[in-house]
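Printed here is upload-v1.cif (mmCIF, C-alpha atoms):
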data_upload
#
loop_
_atom_site.group_PDB
_atom_site.id
_atom_site.type_symbol
_atom_site.label_atom_id
_atom_site.label_comp_id
_atom_site.auth_asym_id
_atom_site.auth_seq_id
_atom_site.Cartn_x
_atom_site.Cartn_y
_atom_site.Cartn_z
ATOM 1 C CA MET A 1 141.541 120.619 78.371
ATOM 2 C CA LEU A 2 141.478 116.856 77.935
ATOM 3 C CA ASP A 3 140.912 115.259 74.566
ATOM 4 C CA LYS A 4 137.503 113.936 73.503
ATOM 5 C CA VAL A 5 138.246 110.320 74.474
ATOM 6 C CA GLU A 6 139.281 111.272 78.004
ATOM 7 C CA LEU A 7 136.307 113.606 78.376
ATOM 8 C CA GLN A 8 134.014 110.799 77.222
ATOM 9 C CA LYS A 9 135.542 108.431 79.796
ATOM 10 C CA ASN A 10 135.122 111.044 82.537
ATOM 11 C CA TYR A 11 131.504 111.591 81.514
ATOM 12 C CA GLU A 12 130.786 107.863 81.699
ATOM 13 C CA LYS A 13 132.542 107.533 85.062
ATOM 14 C CA ALA A 14 130.481 110.415 86.464
ATOM 15 C CA LEU A 15 127.304 108.845 85.106
ATOM 16 C CA PHE A 16 128.007 105.428 86.595
ATOM 17 C CA SER A 17 129.062 107.012 89.880
ATOM 18 C CA ALA A 18 125.815 108.962 90.124
ATOM 19 C CA LEU A 19 123.689 105.940 89.273
ATOM 20 C CA LYS A 20 125.587 103.891 91.863
ATOM 21 C CA GLU A 21 124.804 106.516 94.520
ATOM 22 C CA PHE A 22 121.112 106.361 93.627
ATOM 23 C CA GLN A 23 121.171 102.574 93.976
ATOM 24 C CA PHE A 24 122.752 103.011 97.403
ATOM 25 C CA VAL A 25 119.915 105.374 98.383
ATOM 26 C CA GLU A 26 117.384 102.744 97.327
ATOM 27 C CA SER A 27 119.164 100.058 99.367
ATOM 28 C CA ILE A 28 119.276 102.208 102.483
ATOM 29 C CA LEU A 29 115.617 103.156 102.071
ATOM 30 C CA ARG A 30 114.683 99.472 101.846
ATOM 31 C CA LYS A 31 116.647 98.727 105.010
ATOM 32 C CA TYR A 32 115.108 101.710 106.808
ATOM 33 C CA ILE A 33 111.577 100.690 105.852
ATOM 34 C CA THR A 34 111.979 97.037 106.820
ATOM 35 C CA THR A 35 113.616 97.987 110.118
ATOM 36 C CA SER A 36 110.803 100.471 110.784
ATOM 37 C CA TYR A 37 108.242 97.749 110.321
ATOM 38 C CA ASP A 38 110.247 95.475 112.621
ATOM 39 C CA VAL A 39 110.083 98.196 115.280
ATOM 40 C CA ILE A 40 106.341 98.574 114.740
ATOM 41 C CA ARG A 41 105.842 94.802 114.905
ATOM 42 C CA LEU A 42 107.721 94.565 118.187
ATOM 43 C CA LYS A 43 105.868 97.519 119.677
ATOM 44 C CA ILE A 44 102.435 96.116 118.883
ATOM 45 C CA GLN A 45 103.100 92.396 119.269
ATOM 46 C CA ASP A 46 101.196 92.217 122.548
ATOM 47 C CA SER A 47 98.282 94.323 121.374
ATOM 48 C CA GLU A 48 94.802 92.848 121.592
ATOM 49 C CA THR A 49 93.455 95.209 118.923
ATOM 50 C CA LEU A 50 96.265 95.880 116.432
ATOM 51 C CA SER A 51 97.617 93.457 113.873
ATOM 52 C CA TYR A 52 100.817 93.458 111.916
ATOM 53 C CA ASP A 53 100.777 92.644 108.215
ATOM 54 C CA PHE A 54 103.848 93.657 106.264
ATOM 55 C CA ASN A 55 105.123 91.967 103.141
ATOM 56 C CA GLU A 56 108.791 92.672 102.516
ATOM 57 C CA ASN A 57 108.390 91.744 98.838
ATOM 58 C CA ASN A 58 106.452 94.985 98.285
ATOM 59 C CA ILE A 59 109.509 96.948 99.351
ATOM 60 C CA GLU A 60 111.958 94.906 97.265
ATOM 61 C CA LYS A 61 110.074 95.724 94.076
ATOM 62 C CA GLY A 62 109.628 99.436 94.752
ATOM 63 C CA GLY A 63 111.549 102.103 92.900
ATOM 64 C CA LEU A 64 113.102 105.191 94.404
ATOM 65 C CA GLN A 65 109.965 107.313 94.326
ATOM 66 C CA ARG A 66 107.772 104.642 95.931
ATOM 67 C CA LEU A 67 110.419 103.876 98.533
ATOM 68 C CA ASN A 68 110.608 107.562 99.397
ATOM 69 C CA THR A 69 106.812 107.695 99.792
ATOM 70 C CA ASN A 70 107.034 104.875 102.338
ATOM 71 C CA PHE A 71 110.044 106.465 104.011
ATOM 72 C CA ARG A 72 108.172 109.760 104.389
ATOM 73 C CA LYS A 73 105.386 107.959 106.266
ATOM 74 C CA LEU A 74 107.850 106.372 108.691
ATOM 75 C CA CYS A 75 110.553 108.977 109.309
ATOM 76 C CA LYS A 76 110.131 112.307 111.047
ATOM 77 C CA ASN A 77 112.877 113.870 108.911
ATOM 78 C CA LYS A 78 110.622 115.341 106.230
ATOM 79 C CA GLU A 79 113.426 117.577 104.965
ATOM 80 C CA LEU A 80 115.456 114.507 104.012
ATOM 81 C CA SER A 81 112.443 113.012 102.259
ATOM 82 C CA ALA A 82 112.044 116.266 100.319
ATOM 83 C CA LYS A 83 115.695 116.052 99.218
ATOM 84 C CA ILE A 84 115.146 112.482 98.063
ATOM 85 C CA LYS A 85 112.022 113.517 96.157
ATOM 86 C CA LYS A 86 113.985 116.240 94.382
ATOM 87 C CA ALA A 87 116.767 113.781 93.603
ATOM 88 C CA CYS A 88 114.227 111.355 92.075
ATOM 89 C CA ASP A 89 113.715 113.700 89.142
ATOM 90 C CA ALA A 90 117.449 113.956 88.541
ATOM 91 C CA ARG A 91 117.812 110.176 88.779
ATOM 92 C CA ASN A 92 115.075 109.609 86.247
ATOM 93 C CA GLN A 93 116.731 112.017 83.854
ATOM 94 C CA LEU A 94 120.082 110.300 84.303
ATOM 95 C CA ALA A 95 118.779 106.779 84.028
ATOM 96 C CA HIS A 96 116.512 107.333 81.073
ATOM 97 C CA ASP A 97 118.131 110.108 79.072
ATOM 98 C CA ALA A 98 121.842 110.366 79.834
ATOM 99 C CA PHE A 99 122.936 107.157 78.123
ATOM 100 C CA PHE A 100 120.956 107.952 74.989
ATOM 101 C CA GLN A 101 122.162 111.566 75.091
ATOM 102 C CA ASN A 102 125.736 110.384 75.448
ATOM 103 C CA PHE A 103 125.579 108.292 72.270
ATOM 104 C CA ARG A 104 123.710 111.016 70.393
ATOM 105 C CA ASP A 105 126.411 113.504 71.416
ATOM 106 C CA GLN A 106 129.124 111.194 70.077
ATOM 107 C CA ILE A 107 127.404 111.076 66.709
ATOM 108 C CA SER A 108 126.644 114.791 66.513
ATOM 109 C CA GLY A 109 130.169 115.852 67.397
ATOM 110 C CA ILE A 110 129.532 117.624 70.700
ATOM 111 C CA SER A 111 132.241 120.102 71.638
ATOM 112 C CA ASN A 112 134.802 119.232 74.269
ATOM 113 C CA GLU A 113 133.605 122.122 76.419
ATOM 114 C CA GLU A 114 129.985 120.911 76.311
ATOM 115 C CA LEU A 115 130.992 117.335 77.118
ATOM 116 C CA HIS A 116 133.072 118.594 80.031
ATOM 117 C CA ARG A 117 130.163 120.720 81.289
ATOM 118 C CA LYS A 118 127.766 117.772 81.132
ATOM 119 C CA GLY A 119 130.209 115.530 82.989
ATOM 120 C CA CYS A 120 130.645 118.159 85.699
ATOM 121 C CA GLU A 121 126.874 118.489 86.115
ATOM 122 C CA ILE A 122 126.506 114.741 86.584
ATOM 123 C CA TYR A 123 129.419 114.673 89.018
ATOM 124 C CA ALA A 124 127.800 117.484 91.037
ATOM 125 C CA GLN A 125 124.571 115.467 91.160
ATOM 126 C CA SER A 126 126.540 112.472 92.404
ATOM 127 C CA VAL A 127 127.988 114.581 95.231
ATOM 128 C CA GLU A 128 124.496 115.761 96.236
ATOM 129 C CA VAL A 129 123.205 112.202 96.319
ATOM 130 C CA SER A 130 126.239 111.138 98.339
ATOM 131 C CA GLN A 131 125.201 113.695 100.967
ATOM 132 C CA ILE A 132 121.702 112.174 100.993
ATOM 133 C CA VAL A 133 123.312 108.759 101.570
ATOM 134 C CA THR A 134 125.137 110.154 104.599
ATOM 135 C CA GLU A 135 121.923 111.605 106.056
ATOM 136 C CA LEU A 136 120.024 108.386 105.394
ATOM 137 C CA LEU A 137 122.708 106.341 107.125
ATOM 138 C CA ARG A 138 122.393 108.605 110.190
ATOM 139 C CA GLU A 139 118.622 108.099 110.267
ATOM 140 C CA LEU A 140 119.044 104.349 109.851
ATOM 141 C CA LYS A 141 121.546 104.191 112.708
ATOM 142 C CA VAL A 142 119.122 105.971 115.055
ATOM 143 C CA LEU A 143 116.360 103.565 114.049
ATOM 144 C CA GLU A 144 118.591 100.522 114.512
ATOM 145 C CA LEU A 145 119.504 101.716 118.003
ATOM 146 C CA GLU A 146 115.813 101.974 118.829
ATOM 147 C CA TYR A 147 115.248 98.485 117.468
ATOM 148 C CA GLU A 148 118.096 97.052 119.517
ATOM 149 C CA GLN A 149 116.581 98.439 122.717
ATOM 150 C CA LEU A 150 113.212 96.768 122.197
ATOM 151 C CA PRO A 151 112.413 93.488 123.930
ATOM 152 C CA LYS A 152 112.364 90.662 121.400
#
Can you turn what I pasted into structure tokens?
Amino acid sequence: MLDKVELQKNYEKALFSALKEFQFVESILRKYITTSYDVIRLKIQDSETLSYDFNENNIEKGGLQRLNTNFRKLCKNKELSAKIKKACDARNQLAHDAFFQNFRDQISGISNEELHRKGCEIYAQSVEVSQIVTELLRELKVLELEYEQLPK
């Protein structure tokens, strides 16, 4: 097994990797939502009864959970939205607790085995979120193809 310093570095790398993946999910969700509203705008632009009022700033300020709520309303892939919802809880735990826990563990003298286990759990979460990124990118590509086919 690696020494404590190396285990600590691996833990931090796993943590930053997971948080980076969550940020990527948020970015893709923002792009999906804004593209969805562009599609809607183009589809109703000639309507005599419907209006289009979308403020992109609302999306830019939204967190993962709020973005997923909007995504769920726009995308037919409810299973993917459910995966994102589940991942939100893990993200909140990582973002709010993991850093503090990491420093507390350093002070309390956590065992190498426990530090390794925690790092592996975070890495596994990162892999799960990476799979969500892949699915989101597929959904976004389909939406972008639809957008490209619309008359501008």
Resolved residues for the PyMOL selection byres ((chain A and resi 137) around 12) as an mmCIF file with C-alpha atoms, in the coordinates of the input:
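Saved result, out-v9.cif, follows:
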data_model
loop_
_atom_site.group_PDB
_atom_site.id
_atom_site.type_symbol
_atom_site.label_atom_id
_atom_site.label_comp_id
_atom_site.auth_asym_id
_atom_site.auth_seq_id
_atom_site.Cartn_x
_atom_site.Cartn_y
_atom_site.Cartn_z
ATOM 1 C CA PHE A 24 122.752 103.011 97.403
ATOM 2 C CA VAL A 25 119.915 105.374 98.383
ATOM 3 C CA GLU A 26 117.384 102.744 97.327
ATOM 4 C CA SER A 27 119.164 100.058 99.367
ATOM 5 C CA ILE A 28 119.276 102.208 102.483
ATOM 6 C CA LEU A 29 115.617 103.156 102.071
ATOM 7 C CA ARG A 30 114.683 99.472 101.846
ATOM 8 C CA LYS A 31 116.647 98.727 105.010
ATOM 9 C CA TYR A 32 115.108 101.710 106.808
ATOM 10 C CA LEU A 80 115.456 114.507 104.012
ATOM 11 C CA SER A 130 126.239 111.138 98.339
ATOM 12 C CA GLN A 131 125.201 113.695 100.967
ATOM 13 C CA ILE A 132 121.702 112.174 100.993
ATOM 14 C CA VAL A 133 123.312 108.759 101.570
ATOM 15 C CA THR A 134 125.137 110.154 104.599
ATOM 16 C CA GLU A 135 121.923 111.605 106.056
ATOM 17 C CA LEU A 136 120.024 108.386 105.394
ATOM 18 C CA ARG A 138 122.393 108.605 110.190
ATOM 19 C CA GLU A 139 118.622 108.099 110.267
ATOM 20 C CA LEU A 140 119.044 104.349 109.851
ATOM 21 C CA LYS A 141 121.546 104.191 112.708
ATOM 22 C CA VAL A 142 119.122 105.971 115.055
ATOM 23 C CA LEU A 143 116.360 103.565 114.049
ATOM 24 C CA GLU A 144 118.591 100.522 114.512
#
Find the residues around Ile40 (chain A) up to 12 Å (all atoms listed in the file counted), leave out those fewer than 3 positions away in its own chain, and share them as a list in words.
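Close residues of Ile40 (chain A): Ile33, Thr34, Thr35, Ser36, Tyr37, Lys43, Ile44, Gln45, Asp46, Ser47, Leu50, Ser51, Tyr52, Asp53, Phe54, Leu74, Leu143, Glu146, Tyr147, Leu150 and Lys152 of chain A.
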Selection export as a compact mmCIF listing (two decimals), keeping the file's coordinate frame, atoms kept: C-alpha atoms:
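Wrote it out as selection_14.txt, contents follow:
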# COMPACT_ATOMS: atom_id res chain seq x y z
CA ILE A 33 111.58 100.69 105.85
CA THR A 34 111.98 97.04 106.82
CA THR A 35 113.62 97.99 110.12
CA SER A 36 110.80 100.47 110.78
CA TYR A 37 108.24 97.75 110.32
CA LYS A 43 105.87 97.52 119.68
CA ILE A 44 102.44 96.12 118.88
CA GLN A 45 103.10 92.40 119.27
CA ASP A 46 101.20 92.22 122.55
CA SER A 47 98.28 94.32 121.37
CA LEU A 50 96.26 95.88 116.43
CA SER A 51 97.62 93.46 113.87
CA TYR A 52 100.82 93.46 111.92
CA ASP A 53 100.78 92.64 108.22
CA PHE A 54 103.85 93.66 106.26
CA LEU A 74 107.85 106.37 108.69
CA LEU A 143 116.36 103.56 114.05
CA GLU A 146 115.81 101.97 118.83
CA TYR A 147 115.25 98.48 117.47
CA LEU A 150 113.21 96.77 122.20
CA LYS A 152 112.36 90.66 121.40
I need the residue nearest Asn112 (chain A) from this list: A:Arg41, A:Arg72, A:Lys4, A:Arg91. Use all atoms listed in the file for the distance.
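Closest to Asn112 (chain A) of all the choices is A:Lys4.
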Could you tell me how far CA of Val39 (chain A) lies from CA of Leu67 (chain A), in Å and to one decimal?
17.7 Å
In Å, how far is it from CA of Ala82 (chain A) to CA of Lys13 (chain A)?
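Going from CA of Ala82 (chain A) over to CA of Lys13 (chain A) covers 27.0 Å.
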Let me know the residues the PyMOL selection byres ((chain A and resi 119) around 9) catches in the file above, as a list in words.
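Applied to this file, the PyMOL selection byres ((chain A and resi 119) around 9) selects Leu7, Gln8, Asn10, Tyr11, Glu12, Lys13, Ala14, Leu15, Glu114, Leu115, His116, Arg117, Lys118, Cys120, Glu121, Ile122, Tyr123 and Ala124 of chain A.
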Box along x, y and z, 8 Å on every side, all listed atoms of region 69-73 of chain A inside: centre and edge lengths in Å to one decimal, as AutoDock Vina command-line options.
--center_x 107.7 --center_y 107.3 --center_z 103.0 --size_x 20.7 --size_y 20.9 --size_z 22.5
Gap from CA of Val129 (chain A) to CA of Leu19 (chain A) - Å, one decimal:
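Separating CA of Val129 (chain A) from CA of Leu19 (chain A) is a distance of 9.4 Å.
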Within 10 Å of (113.1, 109.9, 93.8) (coordinates as in the file), grab all the protein and nucleic acid residues, counting all atoms listed in the file, and write them out as a list of chain:residue names.
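Residues with an atom close enough to that point: A:Phe22, A:Val25, A:Glu26, A:Gly63, A:Leu64, A:Gln65, A:Arg66, A:Leu67, A:Asn68, A:Thr69, A:Ser81, A:Ala82, A:Lys83, A:Ile84, A:Lys85, A:Lys86, A:Ala87, A:Cys88, A:Asp89, A:Ala90, A:Arg91, A:Asn92.
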Counting all atoms listed in the file, which of A:Lys78, A:Lys73, A:Gly62, A:Ala98 gets nearest to Gln23 (chain A)?
A:Gly62
Reconstruct N, CA, C and O atoms of region 127-139 of chain A from the incomplete input and present them as a PDB file, in the frame of the given file.
ATOM      1  N   VAL A 127     127.578 114.057  93.920  1.00  0.00           N
ATOM      2  CA  VAL A 127     127.988 114.581  95.231  1.00  0.00           C
ATOM      3  C   VAL A 127     126.761 114.886  96.086  1.00  0.00           C
ATOM      4  O   VAL A 127     126.727 114.559  97.282  1.00  0.00           O
ATOM      5  N   GLU A 128     125.730 115.478  95.495  1.00  0.00           N
ATOM      6  CA  GLU A 128     124.496 115.761  96.236  1.00  0.00           C
ATOM      7  C   GLU A 128     123.849 114.482  96.748  1.00  0.00           C
ATOM      8  O   GLU A 128     123.392 114.410  97.891  1.00  0.00           O
ATOM      9  N   VAL A 129     123.811 113.467  95.915  1.00  0.00           N
ATOM     10  CA  VAL A 129     123.205 112.202  96.319  1.00  0.00           C
ATOM     11  C   VAL A 129     124.053 111.535  97.394  1.00  0.00           C
ATOM     12  O   VAL A 129     123.523 110.921  98.324  1.00  0.00           O
ATOM     13  N   SER A 130     125.352 111.676  97.313  1.00  0.00           N
ATOM     14  CA  SER A 130     126.239 111.138  98.339  1.00  0.00           C
ATOM     15  C   SER A 130     125.924 111.759  99.705  1.00  0.00           C
ATOM     16  O   SER A 130     125.965 111.082 100.737  1.00  0.00           O
ATOM     17  N   GLN A 131     125.587 113.031  99.718  1.00  0.00           N
ATOM     18  CA  GLN A 131     125.201 113.695 100.967  1.00  0.00           C
ATOM     19  C   GLN A 131     123.878 113.131 101.487  1.00  0.00           C
ATOM     20  O   GLN A 131     123.690 112.989 102.698  1.00  0.00           O
ATOM     21  N   ILE A 132     122.965 112.808 100.592  1.00  0.00           N
ATOM     22  CA  ILE A 132     121.702 112.174 100.993  1.00  0.00           C
ATOM     23  C   ILE A 132     121.996 110.804 101.615  1.00  0.00           C
ATOM     24  O   ILE A 132     121.395 110.438 102.628  1.00  0.00           O
ATOM     25  N   VAL A 133     122.919 110.063 101.025  1.00  0.00           N
ATOM     26  CA  VAL A 133     123.312 108.759 101.570  1.00  0.00           C
ATOM     27  C   VAL A 133     123.789 108.921 103.008  1.00  0.00           C
ATOM     28  O   VAL A 133     123.389 108.164 103.899  1.00  0.00           O
ATOM     29  N   THR A 134     124.621 109.918 103.247  1.00  0.00           N
ATOM     30  CA  THR A 134     125.137 110.154 104.599  1.00  0.00           C
ATOM     31  C   THR A 134     123.999 110.441 105.579  1.00  0.00           C
ATOM     32  O   THR A 134     123.957 109.877 106.677  1.00  0.00           O
ATOM     33  N   GLU A 135     123.062 111.290 105.192  1.00  0.00           N
ATOM     34  CA  GLU A 135     121.923 111.605 106.056  1.00  0.00           C
ATOM     35  C   GLU A 135     121.050 110.376 106.296  1.00  0.00           C
ATOM     36  O   GLU A 135     120.583 110.149 107.415  1.00  0.00           O
ATOM     37  N   LEU A 136     120.829 109.604 105.254  1.00  0.00           N
ATOM     38  CA  LEU A 136     120.024 108.386 105.394  1.00  0.00           C
ATOM     39  C   LEU A 136     120.685 107.392 106.348  1.00  0.00           C
ATOM     40  O   LEU A 136     120.007 106.762 107.169  1.00  0.00           O
ATOM     41  N   LEU A 137     121.989 107.248 106.231  1.00  0.00           N
ATOM     42  CA  LEU A 137     122.708 106.341 107.125  1.00  0.00           C
ATOM     43  C   LEU A 137     122.590 106.782 108.582  1.00  0.00           C
ATOM     44  O   LEU A 137     122.462 105.942 109.481  1.00  0.00           O
ATOM     45  N   ARG A 138     122.602 108.097 108.821  1.00  0.00           N
ATOM     46  CA  ARG A 138     122.393 108.605 110.190  1.00  0.00           C
ATOM     47  C   ARG A 138     121.009 108.225 110.706  1.00  0.00           C
ATOM     48  O   ARG A 138     120.858 107.772 111.836  1.00  0.00           O
ATOM     49  N   GLU A 139     119.997 108.440 109.878  1.00  0.00           N
ATOM     50  CA  GLU A 139     118.622 108.099 110.267  1.00  0.00           C
ATOM     51  C   GLU A 139     118.493 106.596 110.532  1.00  0.00           C
ATOM     52  O   GLU A 139     117.842 106.186 111.490  1.00  0.00           O
TER      53      GLU A 139
END
